[in-house]
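Engineer: Handing over data.pdb, PDB, C-alpha atoms and all ligand atoms.
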```
ATOM      1  CA  MET A   1     110.022  94.410  96.679
ATOM      2  CA  LYS A   2     107.756  95.947  99.293
ATOM      3  CA  THR A   3     104.037  96.669  99.084
ATOM      4  CA  ILE A   4     103.040  99.957 100.680
ATOM      5  CA  ASP A   5      99.477 101.204 101.057
ATOM      6  CA  THR A   6      99.900 104.519 102.844
ATOM      7  CA  VAL A   7     101.133 107.854 101.578
ATOM      8  CA  THR A   8     103.262 108.326 104.713
ATOM      9  CA  GLY A   9     104.939 104.948 104.189
ATOM     10  CA  LEU A  10     105.714 105.835 100.576
ATOM     11  CA  ARG A  11     107.098 109.249 101.513
ATOM     12  CA  ILE A  12     109.444 107.772 104.132
ATOM     13  CA  MET A  13     110.962 105.387 101.556
ATOM     14  CA  VAL A  14     111.267 108.026  98.849
ATOM     15  CA  ALA A  15     112.848 110.526 101.279
ATOM     16  CA  ARG A  16     115.551 107.940 102.122
ATOM     17  CA  TRP A  17     116.338 107.356  98.468
ATOM     18  CA  ARG A  18     116.434 111.040  97.731
ATOM     19  CA  ALA A  19     118.807 111.647 100.647
ATOM     20  CA  ASN A  20     121.161 109.139  98.935
ATOM     21  CA  GLY A  21     120.874 111.060  95.661
ATOM     22  CA  GLU A  22     119.003 108.224  93.952
ATOM     23  CA  ARG A  23     116.845 108.812  90.871
ATOM     24  CA  VAL A  24     113.241 107.651  91.280
ATOM     25  CA  ALA A  25     110.893 106.347  88.563
ATOM     26  CA  LEU A  26     107.136 105.938  88.854
ATOM     27  CA  VAL A  27     105.050 103.581  86.720
ATOM     28  CA  PRO A  28     101.392 104.467  87.371
ATOM     29  CA  THR A  29      98.967 101.614  86.635
ATOM     30  CA  MET A  30      95.512 100.382  87.515
ATOM     31  CA  GLY A  31      96.854  96.847  87.918
ATOM     32  CA  ASN A  32      95.847  93.680  86.072
ATOM     33  CA  LEU A  33      99.351  93.881  84.697
ATOM     34  CA  HIS A  34     100.280  92.570  81.250
ATOM     35  CA  ALA A  35     103.451  92.524  79.148
ATOM     36  CA  GLY A  36     102.929  96.181  78.229
ATOM     37  CA  HIS A  37     103.127  97.219  81.888
ATOM     38  CA  LEU A  38     106.170  95.015  82.476
ATOM     39  CA  GLN A  39     107.916  96.782  79.635
ATOM     40  CA  LEU A  40     107.252 100.126  81.343
ATOM     41  CA  VAL A  41     108.851  98.713  84.497
ATOM     42  CA  GLU A  42     111.877  97.459  82.574
ATOM     43  CA  ARG A  43     112.374 100.831  80.939
ATOM     44  CA  ALA A  44     111.935 102.528  84.318
ATOM     45  CA  ARG A  45     114.653 100.333  85.797
ATOM     46  CA  LYS A  46     117.064 101.385  83.037
ATOM     47  CA  ASN A  47     116.248 105.007  83.717
ATOM     48  CA  ALA A  48     116.386 105.267  87.504
ATOM     49  CA  HIS A  49     117.922 103.726  90.631
ATOM     50  CA  ARG A  50     114.533 103.114  92.212
ATOM     51  CA  VAL A  51     111.219 102.056  90.694
ATOM     52  CA  ILE A  52     107.750 102.462  92.167
ATOM     53  CA  VAL A  53     104.789 100.748  90.488
ATOM     54  CA  SER A  54     101.500 102.233  91.642
ATOM     55  CA  ILE A  55      98.400 100.066  91.418
ATOM     56  CA  PHE A  56      95.202 101.991  91.976
ATOM     57  CA  VAL A  57      91.855 101.624  90.231
ATOM     58  CA  ASN A  58      90.931 105.283  90.217
ATOM     59  CA  PRO A  59      87.189 105.847  90.702
ATOM     60  CA  MET A  60      87.443 109.448  89.533
ATOM     61  CA  GLN A  61      88.284 108.504  85.949
ATOM     62  CA  PHE A  62      85.313 106.187  85.411
ATOM     63  CA  SER A  63      82.342 108.140  84.104
ATOM     64  CA  ASN A  64      78.732 107.155  84.751
ATOM     65  CA  ARG A  65      78.142 106.478  81.093
ATOM     66  CA  ASN A  66      80.373 103.449  81.424
ATOM     67  CA  GLY A  67      78.032 102.294  84.216
ATOM     68  CA  GLY A  68      79.524  99.479  86.277
ATOM     69  CA  ASP A  69      82.940  99.766  84.594
ATOM     70  CA  PHE A  70      84.610 100.815  87.861
ATOM     71  CA  GLU A  71      83.108  97.945  89.854
ATOM     72  CA  ARG A  72      83.939  95.282  87.299
ATOM     73  CA  TYR A  73      87.449  96.532  86.488
ATOM     74  CA  PRO A  74      89.758  93.541  87.190
ATOM     75  CA  ARG A  75      91.546  93.812  90.557
ATOM     76  CA  THR A  76      94.370  91.277  90.711
ATOM     77  CA  LEU A  77      96.864  92.627  93.242
ATOM     78  CA  GLU A  78      98.180  89.215  94.249
ATOM     79  CA  GLU A  79      98.860  88.046  90.682
ATOM     80  CA  ASP A  80     100.286  91.476  89.828
ATOM     81  CA  GLY A  81     102.734  91.114  92.713
ATOM     82  CA  LYS A  82     103.771  87.674  91.423
ATOM     83  CA  LYS A  83     104.330  88.998  87.911
ATOM     84  CA  LEU A  84     106.504  91.819  89.233
ATOM     85  CA  SER A  85     108.502  89.503  91.528
ATOM     86  CA  ALA A  86     109.178  87.187  88.595
ATOM     87  CA  MET A  87     110.913  90.002  86.695
ATOM     88  CA  GLY A  88     114.694  89.988  86.395
ATOM     89  CA  TYR A  89     114.766  93.411  87.994
ATOM     90  CA  GLN A  90     111.925  93.776  90.433
ATOM     91  CA  PRO A  91     110.547  97.190  91.237
ATOM     92  CA  ASP A  92     111.418  98.460  94.726
ATOM     93  CA  ILE A  93     107.872  99.292  95.765
ATOM     94  CA  ILE A  94     104.321  98.458  94.802
ATOM     95  CA  PHE A  95     102.258 101.390  96.000
ATOM     96  CA  ALA A  96      98.688 100.120  96.340
ATOM     97  CA  PRO A  97      96.673 102.661  98.318
ATOM     98  CA  SER A  98      92.995 102.335  99.218
ATOM     99  CA  VAL A  99      90.436 104.775  97.809
ATOM    100  CA  GLN A 100      90.320 106.309 101.300
ATOM    101  CA  ALA A 101      94.108 106.854 101.300
ATOM    102  CA  MET A 102      94.025 108.460  97.853
ATOM    103  CA  TYR A 103      90.887 110.516  98.418
ATOM    104  CA  PRO A 104      90.628 111.170 102.178
ATOM    105  CA  ALA A 105      87.940 113.790 101.597
ATOM    106  CA  GLY A 106      85.953 111.584  99.200
ATOM    107  CA  PHE A 107      86.726 111.867  95.497
ATOM    108  CA  LYS A 108      83.638 113.883  94.606
ATOM    109  CA  GLN A 109      84.685 116.843  96.759
ATOM    110  CA  GLU A 110      88.340 116.930  95.807
ATOM    111  CA  ALA A 111      90.174 119.708  94.024
ATOM    112  CA  ARG A 112      90.575 118.608  90.448
ATOM    113  CA  ILE A 113      92.844 119.239  87.515
ATOM    114  CA  GLU A 114      91.529 120.055  84.098
ATOM    115  CA  VAL A 115      93.451 120.171  80.839
ATOM    116  CA  PRO A 116      90.362 121.171  78.886
ATOM    117  CA  GLU A 117      91.172 121.545  75.215
ATOM    118  CA  ILE A 118      92.807 118.189  74.708
ATOM    119  CA  SER A 119      90.528 116.380  77.188
ATOM    120  CA  ASN A 120      87.163 117.137  75.664
ATOM    121  CA  ILE A 121      87.674 115.572  72.242
ATOM    122  CA  LEU A 122      87.937 111.937  71.024
ATOM    123  CA  CYS A 123      87.839 109.673  74.132
ATOM    124  CA  GLY A 124      86.892 112.697  76.253
ATOM    125  CA  GLU A 125      83.746 113.214  74.193
ATOM    126  CA  PHE A 126      82.594 109.670  74.915
ATOM    127  CA  ARG A 127      83.863 109.530  78.498
ATOM    128  CA  PRO A 128      82.986 112.907  80.048
ATOM    129  CA  GLY A 129      85.159 113.718  83.056
ATOM    130  CA  HIS A 130      87.549 110.838  82.325
ATOM    131  CA  PHE A 131      90.654 112.940  81.755
ATOM    132  CA  VAL A 132      89.918 115.171  84.743
ATOM    133  CA  GLY A 133      90.047 111.974  86.790
ATOM    134  CA  VAL A 134      93.273 110.872  85.104
ATOM    135  CA  ALA A 135      94.990 114.273  85.409
ATOM    136  CA  THR A 136      93.946 114.627  89.053
ATOM    137  CA  VAL A 137      95.117 111.186  90.154
ATOM    138  CA  VAL A 138      98.385 111.482  88.222
ATOM    139  CA  ALA A 139      99.086 114.868  89.841
ATOM    140  CA  LYS A 140      98.356 113.330  93.250
ATOM    141  CA  LEU A 141     100.658 110.382  92.528
ATOM    142  CA  PHE A 142     103.407 112.781  91.444
ATOM    143  CA  ASN A 143     103.040 114.720  94.708
ATOM    144  CA  MET A 144     103.047 111.530  96.740
ATOM    145  CA  ALA A 145     105.925 109.712  95.024
ATOM    146  CA  GLN A 146     107.937 112.764  93.889
ATOM    147  CA  PRO A 147     109.423 110.846  90.953
ATOM    148  CA  ASP A 148     112.112 112.199  88.638
ATOM    149  CA  VAL A 149     110.607 110.269  85.761
ATOM    150  CA  ALA A 150     107.233 108.643  85.033
ATOM    151  CA  LEU A 151     106.418 106.175  82.274
ATOM    152  CA  PHE A 152     103.171 105.668  80.367
ATOM    153  CA  GLY A 153     102.086 103.511  77.433
ATOM    154  CA  GLU A 154     101.507 105.095  74.023
ATOM    155  CA  LYS A 155      98.393 102.972  73.559
ATOM    156  CA  ASP A 156      96.627 105.657  75.604
ATOM    157  CA  PHE A 157      97.940 108.319  73.268
ATOM    158  CA  GLN A 158      95.485 111.023  74.302
ATOM    159  CA  GLN A 159      96.160 110.337  77.987
ATOM    160  CA  LEU A 160      99.890 110.715  77.369
ATOM    161  CA  LEU A 161      99.338 114.128  75.762
ATOM    162  CA  VAL A 162      97.059 115.235  78.624
ATOM    163  CA  ILE A 163      99.790 114.245  81.109
ATOM    164  CA  ARG A 164     102.559 115.945  79.130
ATOM    165  CA  ARG A 165     100.464 119.113  79.046
ATOM    166  CA  LEU A 166      99.660 118.912  82.755
ATOM    167  CA  VAL A 167     103.348 118.538  83.601
ATOM    168  CA  ALA A 168     104.381 121.432  81.332
ATOM    169  CA  ASP A 169     101.636 123.809  82.443
ATOM    170  CA  LEU A 170     101.950 123.141  86.181
ATOM    171  CA  CYS A 171     105.775 122.887  86.149
ATOM    172  CA  PHE A 172     106.013 119.410  87.653
ATOM    173  CA  PRO A 173     109.720 118.476  87.757
ATOM    174  CA  VAL A 174     108.966 115.072  86.229
ATOM    175  CA  GLU A 175     110.265 113.713  82.933
ATOM    176  CA  ILE A 176     107.528 111.888  81.017
ATOM    177  CA  ILE A 177     108.490 108.903  78.881
ATOM    178  CA  GLY A 178     106.037 107.274  76.460
ATOM    179  CA  ILE A 179     106.586 103.598  75.605
ATOM    180  CA  PRO A 180     105.356 102.017  72.331
ATOM    181  CA  THR A 181     102.301  99.778  72.484
ATOM    182  CA  VAL A 182     102.926  96.100  73.118
ATOM    183  CA  ARG A 183     100.770  93.825  70.955
ATOM    184  CA  GLU A 184      99.470  90.287  70.943
ATOM    185  CA  LYS A 185     100.666  88.068  68.058
ATOM    186  CA  ASN A 186      97.607  89.028  66.004
ATOM    187  CA  GLY A 187      98.285  92.757  66.471
ATOM    188  CA  LEU A 188      95.728  93.441  69.210
ATOM    189  CA  ALA A 189      97.079  96.094  71.582
ATOM    190  CA  MET A 190      97.544  94.686  75.083
ATOM    191  CA  SER A 191      95.073  96.108  77.551
ATOM    192  CA  SER A 192      93.559  95.113  80.870
ATOM    193  CA  ARG A 193      90.158  95.453  79.213
ATOM    194  CA  ASN A 194      90.964  92.619  76.772
ATOM    195  CA  ALA A 195      89.922  90.384  79.682
ATOM    196  CA  TYR A 196      86.308  91.220  78.735
ATOM    197  CA  LEU A 197      86.710  89.618  75.265
ATOM    198  CA  SER A 198      85.733  86.031  74.514
ATOM    199  CA  SER A 199      88.421  83.995  72.709
ATOM    200  CA  GLU A 200      86.555  84.451  69.422
ATOM    201  CA  GLU A 201      86.333  88.229  69.988
ATOM    202  CA  ARG A 202      90.035  88.350  70.882
ATOM    203  CA  GLU A 203      90.823  87.027  67.392
ATOM    204  CA  ARG A 204      88.378  89.383  65.719
ATOM    205  CA  ALA A 205      89.701  92.341  67.760
ATOM    206  CA  ALA A 206      92.812  92.285  65.539
ATOM    207  CA  VAL A 207      90.684  93.991  62.872
ATOM    208  CA  LEU A 208      91.017  97.260  64.818
ATOM    209  CA  TYR A 209      94.791  97.384  64.307
ATOM    210  CA  GLN A 210      94.463  96.108  60.726
ATOM    211  CA  THR A 211      92.055  98.957  59.971
ATOM    212  CA  LEU A 212      94.513 101.480  61.410
ATOM    213  CA  GLN A 213      97.305  99.963  59.300
ATOM    214  CA  GLN A 214      95.150 100.149  56.194
ATOM    215  CA  ALA A 215      94.459 103.844  56.814
ATOM    216  CA  GLN A 216      98.174 104.400  57.347
ATOM    217  CA  GLN A 217      98.932 102.765  53.987
ATOM    218  CA  GLN A 218      96.308 104.905  52.255
ATOM    219  CA  ILE A 219      97.843 108.093  53.667
ATOM    220  CA  GLU A 220     101.376 106.940  52.893
ATOM    221  CA  SER A 221     100.411 106.234  49.311
ATOM    222  CA  GLY A 222      99.224 109.822  48.934
ATOM    223  CA  GLU A 223      95.490 109.718  49.723
ATOM    224  CA  ARG A 224      94.510 113.092  51.159
ATOM    225  CA  ASP A 225      90.761 112.624  51.561
ATOM    226  CA  PHE A 226      90.892 111.983  55.303
ATOM    227  CA  ALA A 227      87.095 112.050  55.666
ATOM    228  CA  MET A 228      86.824 109.231  53.109
ATOM    229  CA  ILE A 229      89.525 107.152  54.837
ATOM    230  CA  GLN A 230      87.779 107.622  58.172
ATOM    231  CA  ALA A 231      84.368 106.698  56.760
ATOM    232  CA  GLN A 232      85.753 103.551  55.069
ATOM    233  CA  ALA A 233      87.504 102.470  58.256
ATOM    234  CA  THR A 234      84.410 103.029  60.387
ATOM    235  CA  ALA A 235      82.334 100.980  57.927
ATOM    236  CA  LYS A 236      84.927  98.180  57.995
ATOM    237  CA  LEU A 237      84.826  98.077  61.803
ATOM    238  CA  SER A 238      81.015  97.997  61.837
ATOM    239  CA  GLU A 239      81.034  95.135  59.312
ATOM    240  CA  ALA A 240      83.376  93.199  61.588
ATOM    241  CA  GLY A 241      80.884  93.581  64.455
ATOM    242  CA  PHE A 242      82.481  96.516  66.295
ATOM    243  CA  GLN A 243      80.552  99.541  67.478
ATOM    244  CA  PRO A 244      82.975 102.314  66.558
ATOM    245  CA  GLU A 245      83.041 105.496  68.642
ATOM    246  CA  TYR A 246      85.549 107.296  66.465
ATOM    247  CA  PHE A 247      88.219 106.715  63.844
ATOM    248  CA  GLU A 248      90.215 109.899  63.304
ATOM    249  CA  ILE A 249      93.346 111.178  61.634
ATOM    250  CA  ARG A 250      94.756 113.976  63.789
ATOM    251  CA  ARG A 251      97.836 116.134  64.302
ATOM    252  CA  ALA A 252     100.020 114.171  66.742
ATOM    253  CA  GLN A 253     101.180 117.166  68.735
ATOM    254  CA  ASP A 254      97.742 118.315  69.993
ATOM    255  CA  LEU A 255      95.102 116.050  68.377
ATOM    256  CA  GLN A 256      93.627 118.885  66.312
ATOM    257  CA  LEU A 257      92.303 118.049  62.822
ATOM    258  CA  ALA A 258      95.057 116.836  60.518
ATOM    259  CA  THR A 259      96.279 118.981  57.631
ATOM    260  CA  ASP A 260      98.975 118.574  54.973
ATOM    261  CA  MET A 261     101.221 120.867  57.039
ATOM    262  CA  ASP A 262     101.500 118.515  60.026
ATOM    263  CA  GLU A 263     104.940 117.320  61.058
ATOM    264  CA  GLN A 264     103.470 114.198  62.547
ATOM    265  CA  GLN A 265     100.038 112.647  62.405
ATOM    266  CA  VAL A 266      98.329 109.994  64.432
ATOM    267  CA  ILE A 267      95.438 107.744  63.494
ATOM    268  CA  LEU A 268      93.299 106.973  66.527
ATOM    269  CA  ALA A 269      90.341 104.684  67.010
ATOM    270  CA  ALA A 270      87.974 103.655  69.774
ATOM    271  CA  ALA A 271      85.401 100.934  69.310
ATOM    272  CA  TRP A 272      83.376  98.545  71.395
ATOM    273  CA  LEU A 273      83.609  94.836  70.712
ATOM    274  CA  GLY A 274      81.175  92.912  72.864
ATOM    275  CA  GLU A 275      81.758  94.075  76.434
ATOM    276  CA  ALA A 276      85.144  95.669  75.790
ATOM    277  CA  ARG A 277      85.892  99.237  74.804
ATOM    278  CA  LEU A 278      89.104  99.041  72.778
ATOM    279  CA  ILE A 279      91.380 101.905  71.808
ATOM    280  CA  ASP A 280      94.432 101.899  69.580
ATOM    281  CA  ASN A 281      96.500 104.238  67.435
ATOM    282  CA  ILE A 282      99.339 104.487  64.933
ATOM    283  CA  VAL A 283     101.689 107.448  65.034
ATOM    284  CA  MET A 284     103.106 108.223  61.606
ATOM    285  CA  GLU A 285     105.536 110.633  60.041
ATOM    286  CA  SER A 286     104.180 113.038  57.453
ATOM    287  CA  PRO A 287     104.834 111.549  53.968
ATOM    288  CA  ASP A 288     105.989 114.988  52.673
TER
HETATM  289  O1  LIG B   1      96.585 104.294  82.167
HETATM  290  C1  LIG B   1      96.170 103.989  83.299
HETATM  291  O2  LIG B   1      96.255 102.846  83.731
HETATM  292  C2  LIG B   1      95.534 105.045  84.177
HETATM  293  O3  LIG B   1      94.764 105.918  83.431
HETATM  294  C3  LIG B   1      96.540 105.821  85.068
HETATM  295  C4  LIG B   1      97.523 106.617  84.225
HETATM  296  C5  LIG B   1      97.299 104.830  85.934
HETATM  297  C6  LIG B   1      95.808 106.802  85.966
HETATM  298  O4  LIG B   1      94.885 106.158  86.792
END
```
Starting from the file, lay out its structure as structure tokens.
Ligand code: PAF
Structural biologist:
Amino acid sequence: MKTIDTVTGLRIMVARWRANGERVALVPTMGNLHAGHLQLVERARKNAHRVIVSIFVNPMQFSNRNGGDFERYPRTLEEDGKKLSAMGYQPDIIFAPSVQAMYPAGFKQEARIEVPEISNILCGEFRPGHFVGVATVVAKLFNMAQPDVALFGEKDFQQLLVIRRLVADLCFPVEIIGIPTVREKNGLAMSSRNAYLSSEERERAAVLYQTLQQAQQQIESGERDFAMIQAQATAKLSEAGFQPEYFEIRRAQDLQLATDMDEQQVILAAAWLGEARLIDNIVMESPD
């Protein structure tokens, strides 16, 4: 496993692989790797001859409203490298560029990619500009690494849809694979931001997933008053000490408001607990 921090270095390696007809997978991350990331790497390994894990804390996707979030985001390159080397099948490359290497012209002046409709709702409403930052850096990573396949976690369900849309609309020749959320024993979705929770909050954070499961049960047992389910869930989260941003039942395909006609629905929530902004979701089949 090699760590590369320049785009030229990455391109040289990828060009060699491609000349041998090898299939290349990219696992984009912001580091501080947990079991969820390692599962993406394992799946990537099954899907391609070569695996690149990118580790880059992308300044462009942190909005000002989250003040300080970019600076305090955990940067743990050394430990991340150890975790990846300890895997049965190590990735071939860790691509860990500097901000300067990723944004030579400074990230404020860069061309940017917008996927407006799906980016401005839910998380996008609370984190203005976030998905422009995500879409732009992912497009850059695709151009740099030229992968055949890229893998993302379903915990960031909205992000996954933004990326699928970006790839379809701009004809990137990259297959996108979504991997189910990996959870702690108590149900809490694994996330780098869980590092901001105290041990007591980590236990209490399980209420977020429990609330999603409860809403799922209500829908599965025939409840159609989505507004009522959402209001009950939000109240439950507030009682447990969360500050909910949203709790929504949406159409899975495009995150528009759910109706009885939907093939698939998703229940999504975002809520602050202490210093951590937590997101989670449950994708469900329509009961009809
Ligand atoms: O999900 C993440 O870690 C990031 O949003 C991503 C996709 C690596 C882009 O910076």
Engineer: Go through the shown structure with the PyMOL selection byres (((chain A and resi 209) around 10) and not hetatm) and write out the matching residues as a ChimeraX atom specification.
Structural biologist: /A:183,186-189,205-208,210-215,268-269,279-282
Engineer: Just C-alpha atoms for this one: save the residues we selected as a short mmCIF file (atom, residue, chain, number, x, y, z; two decimals), in the coordinates of the input.
Structural biologist:
```cif
data_model
loop_
_atom_site.label_atom_id
_atom_site.label_comp_id
_atom_site.auth_asym_id
_atom_site.auth_seq_id
_atom_site.Cartn_x
_atom_site.Cartn_y
_atom_site.Cartn_z
CA ARG A 183 100.77 93.82 70.96
CA ASN A 186 97.61 89.03 66.00
CA GLY A 187 98.28 92.76 66.47
CA LEU A 188 95.73 93.44 69.21
CA ALA A 189 97.08 96.09 71.58
CA ALA A 205 89.70 92.34 67.76
CA ALA A 206 92.81 92.28 65.54
CA VAL A 207 90.68 93.99 62.87
CA LEU A 208 91.02 97.26 64.82
CA GLN A 210 94.46 96.11 60.73
CA THR A 211 92.06 98.96 59.97
CA LEU A 212 94.51 101.48 61.41
CA GLN A 213 97.30 99.96 59.30
CA GLN A 214 95.15 100.15 56.19
CA ALA A 215 94.46 103.84 56.81
CA LEU A 268 93.30 106.97 66.53
CA ALA A 269 90.34 104.68 67.01
CA ILE A 279 91.38 101.90 71.81
CA ASP A 280 94.43 101.90 69.58
CA ASN A 281 96.50 104.24 67.44
CA ILE A 282 99.34 104.49 64.93
#
```
Engineer: Would you please work out which residue, of A:Pro74, A:Gly153, A:Pro173, A:Gly178, is nearest to ligand LIG 1 (chain B) when using all atoms listed in the file?
Structural biologist: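 For ligand LIG 1 (chain B), the nearest of the candidates is A:Gly153.
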Engineer: Which residues of chain A have any atom within 8 Å of an atom in ligand LIG 1 (chain B) when counting all atoms listed in the file, and what is the closest pair of atoms for each, with the distance in Å to one decimal? Order the rows by chain and rising number and write it as CSV.
Structural biologist:
```
residue,atom,partner,partner_atom,distance
A:Val27,CA,B:LIG1,C5,7.9
A:Pro28,CA,B:LIG1,C5,4.4
A:Thr29,CA,B:LIG1,C5,3.7
A:Met30,CA,B:LIG1,O2,4.6
A:Gly31,CA,B:LIG1,O2,7.3
A:Ser54,CA,B:LIG1,C5,7.5
A:Ile55,CA,B:LIG1,C5,7.3
A:Phe56,CA,B:LIG1,O4,6.7
A:Val57,CA,B:LIG1,O4,6.4
A:Asn58,CA,B:LIG1,O4,5.3
A:Gln61,CA,B:LIG1,O4,7.1
A:Gly133,CA,B:LIG1,O4,7.6
A:Val134,CA,B:LIG1,C6,4.9
A:Ala135,CA,B:LIG1,C6,7.5
A:Val137,CA,B:LIG1,O4,6.1
A:Val138,CA,B:LIG1,C6,5.8
A:Phe152,CA,B:LIG1,C4,6.9
A:Gly153,CA,B:LIG1,O1,7.3
A:Asp156,CA,B:LIG1,O1,6.7
A:Gln159,CA,B:LIG1,O3,7.1
```
Engineer: What's the 12 Å shell around A:Pro91, counting only C-alpha atoms, without same-chain residues fewer than 4 positions away, as a ChimeraX atom specification?
Structural biologist: /A:1-3,24-27,37-46,48-54,80-87,95
Engineer: When you draw a straight line from atom CA of A:Gln243 to atom CA of A:Ala271, how long is it in Å?
Structural biologist: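 We find that atom CA of A:Gln243 and atom CA of A:Ala271 lie 5.4 Å from each other.
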Engineer: Would you work out the distance separating atom CA of A:Glu79 from atom CA of A:Ser98, expressed in Å to one decimal?
Structural biologist: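 Rounded to one decimal, the two atoms are 17.6 Å apart.
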Engineer: Using all atoms listed in the file, which residues sit within 9 Å of A:Ala227 once same-chain residues fewer than 5 positions away are excluded, as an MDAnalysis selection string?
Structural biologist: chainID A and resid 232 248:249
Engineer: Please enumerate the residues selected by the PyMOL selection byres (((chain A and resi 264) around 6) and not hetatm) when evaluated against the supplied file, formatted as a PDB file with C-alpha atoms, in the frame of the given file.
Structural biologist:
```pdb
ATOM      1  CA  ALA A 252     100.020 114.171  66.742  1.00  0.00           C
ATOM      2  CA  ASP A 262     101.500 118.515  60.026  1.00  0.00           C
ATOM      3  CA  GLU A 263     104.940 117.320  61.058  1.00  0.00           C
ATOM      4  CA  GLN A 265     100.038 112.647  62.405  1.00  0.00           C
ATOM      5  CA  GLU A 285     105.536 110.633  60.041  1.00  0.00           C
ATOM      6  CA  SER A 286     104.180 113.038  57.453  1.00  0.00           C
TER       7      SER A 286
END
```
Engineer: Selected by the PyMOL selection byres (((chain A and resi 149) around 6) and not hetatm) in the shown coordinates: which residues, as a ChimeraX atom specification?
Structural biologist: /A:25,147-148,150,174-176
Engineer: Would you write out those residues with C-alpha atoms, as an mmCIF file, in the frame of the given file?
Structural biologist:
```cif
data_model
loop_
_atom_site.group_PDB
_atom_site.id
_atom_site.type_symbol
_atom_site.label_atom_id
_atom_site.label_comp_id
_atom_site.auth_asym_id
_atom_site.auth_seq_id
_atom_site.Cartn_x
_atom_site.Cartn_y
_atom_site.Cartn_z
ATOM 1 C CA ALA A 25 110.893 106.347 88.563
ATOM 2 C CA PRO A 147 109.423 110.846 90.953
ATOM 3 C CA ASP A 148 112.112 112.199 88.638
ATOM 4 C CA ALA A 150 107.233 108.643 85.033
ATOM 5 C CA VAL A 174 108.966 115.072 86.229
ATOM 6 C CA GLU A 175 110.265 113.713 82.933
ATOM 7 C CA ILE A 176 107.528 111.888 81.017
#
```
Engineer: Nearest to A:Arg202: which of A:Leu237, A:Ala168, A:Val182, A:Ala276 is it, counting all atoms listed in the file?
Structural biologist: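 Looking only at the distances to A:Arg202, the closest residue turns out to be A:Ala276.
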Engineer: Go ahead and compute the interatomic distance for atom CA of A:Ser191 and atom CA of A:Phe157, in Å to one decimal.
Structural biologist: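 Distance reported for this atom pair: 13.3 Å.
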Engineer: My list of candidates is A:Leu170, A:Gln158, A:Tyr73, A:Phe126. Which is closest to A:Tyr196 when distances are computed with all atoms listed in the file?
Structural biologist: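 Residue with the minimum atom-to-atom distance to A:Tyr196: A:Tyr73.
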Engineer: I'd like to know which of A:Gln146, A:Ser198, A:Gln230, A:Thr8 is closest to A:Gly274, using all atoms listed in the file.
Structural biologist: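 Ranked by minimum distance to A:Gly274, first place goes to A:Ser198.
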Engineer: Using all atoms listed in the file, which residue out of A:Val283, A:Leu257, A:Val162, A:Ile177 lies closest to A:Gly124?
Structural biologist: A:Val162
Engineer: Taking all atoms listed in the file into account, name the residue in A:Pro97, A:Pro244, A:Gly106, A:Pro180 that is nearest to A:Leu273.
Structural biologist: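 Closest residue, counting all atoms listed in the file: A:Pro244.
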Engineer: Edge lengths and centre in Å to one decimal, as JSON, of the axis-aligned box that encloses all listed atoms of stretch 269-280 of chain A with 6 Å added on every side?
Structural biologist:
```
{"center_x": 87.8, "center_y": 98.8, "center_z": 71.7, "size_x": 25.3, "size_y": 23.8, "size_z": 21.4}
```
Engineer: Could you add whatever atoms are missing so that stretch 150-157 of chain A carries N, CA, C and O atoms, then write the result as a PDB file, keeping the file's coordinate frame?
Structural biologist:
```pdb
ATOM      1  N   ALA A 150     108.417 109.505  84.988  1.00  0.00           N
ATOM      2  CA  ALA A 150     107.233 108.643  85.033  1.00  0.00           C
ATOM      3  C   ALA A 150     107.001 108.102  83.635  1.00  0.00           C
ATOM      4  O   ALA A 150     107.257 108.786  82.632  1.00  0.00           O
ATOM      5  N   LEU A 151     106.540 106.852  83.574  1.00  0.00           N
ATOM      6  CA  LEU A 151     106.418 106.175  82.274  1.00  0.00           C
ATOM      7  C   LEU A 151     104.979 105.763  82.009  1.00  0.00           C
ATOM      8  O   LEU A 151     104.289 105.248  82.915  1.00  0.00           O
ATOM      9  N   PHE A 152     104.547 105.980  80.763  1.00  0.00           N
ATOM     10  CA  PHE A 152     103.171 105.668  80.367  1.00  0.00           C
ATOM     11  C   PHE A 152     103.195 105.006  78.988  1.00  0.00           C
ATOM     12  O   PHE A 152     104.078 105.282  78.170  1.00  0.00           O
ATOM     13  N   GLY A 153     102.169 104.175  78.725  1.00  0.00           N
ATOM     14  CA  GLY A 153     102.086 103.511  77.433  1.00  0.00           C
ATOM     15  C   GLY A 153     101.512 104.436  76.368  1.00  0.00           C
ATOM     16  O   GLY A 153     100.628 105.251  76.632  1.00  0.00           O
ATOM     17  N   GLU A 154     102.016 104.277  75.137  1.00  0.00           N
ATOM     18  CA  GLU A 154     101.507 105.095  74.023  1.00  0.00           C
ATOM     19  C   GLU A 154     100.164 104.602  73.505  1.00  0.00           C
ATOM     20  O   GLU A 154      99.551 105.251  72.672  1.00  0.00           O
ATOM     21  N   LYS A 155      99.719 103.431  73.985  1.00  0.00           N
ATOM     22  CA  LYS A 155      98.393 102.972  73.559  1.00  0.00           C
ATOM     23  C   LYS A 155      97.344 104.021  73.953  1.00  0.00           C
ATOM     24  O   LYS A 155      96.443 104.315  73.198  1.00  0.00           O
ATOM     25  N   ASP A 156      97.522 104.581  75.151  1.00  0.00           N
ATOM     26  CA  ASP A 156      96.627 105.657  75.604  1.00  0.00           C
ATOM     27  C   ASP A 156      97.234 106.976  75.156  1.00  0.00           C
ATOM     28  O   ASP A 156      97.735 107.762  75.967  1.00  0.00           O
ATOM     29  N   PHE A 157      97.208 107.200  73.849  1.00  0.00           N
ATOM     30  CA  PHE A 157      97.940 108.319  73.268  1.00  0.00           C
ATOM     31  C   PHE A 157      97.409 109.668  73.772  1.00  0.00           C
ATOM     32  O   PHE A 157      98.165 110.568  74.128  1.00  0.00           O
TER      33      PHE A 157
END
```
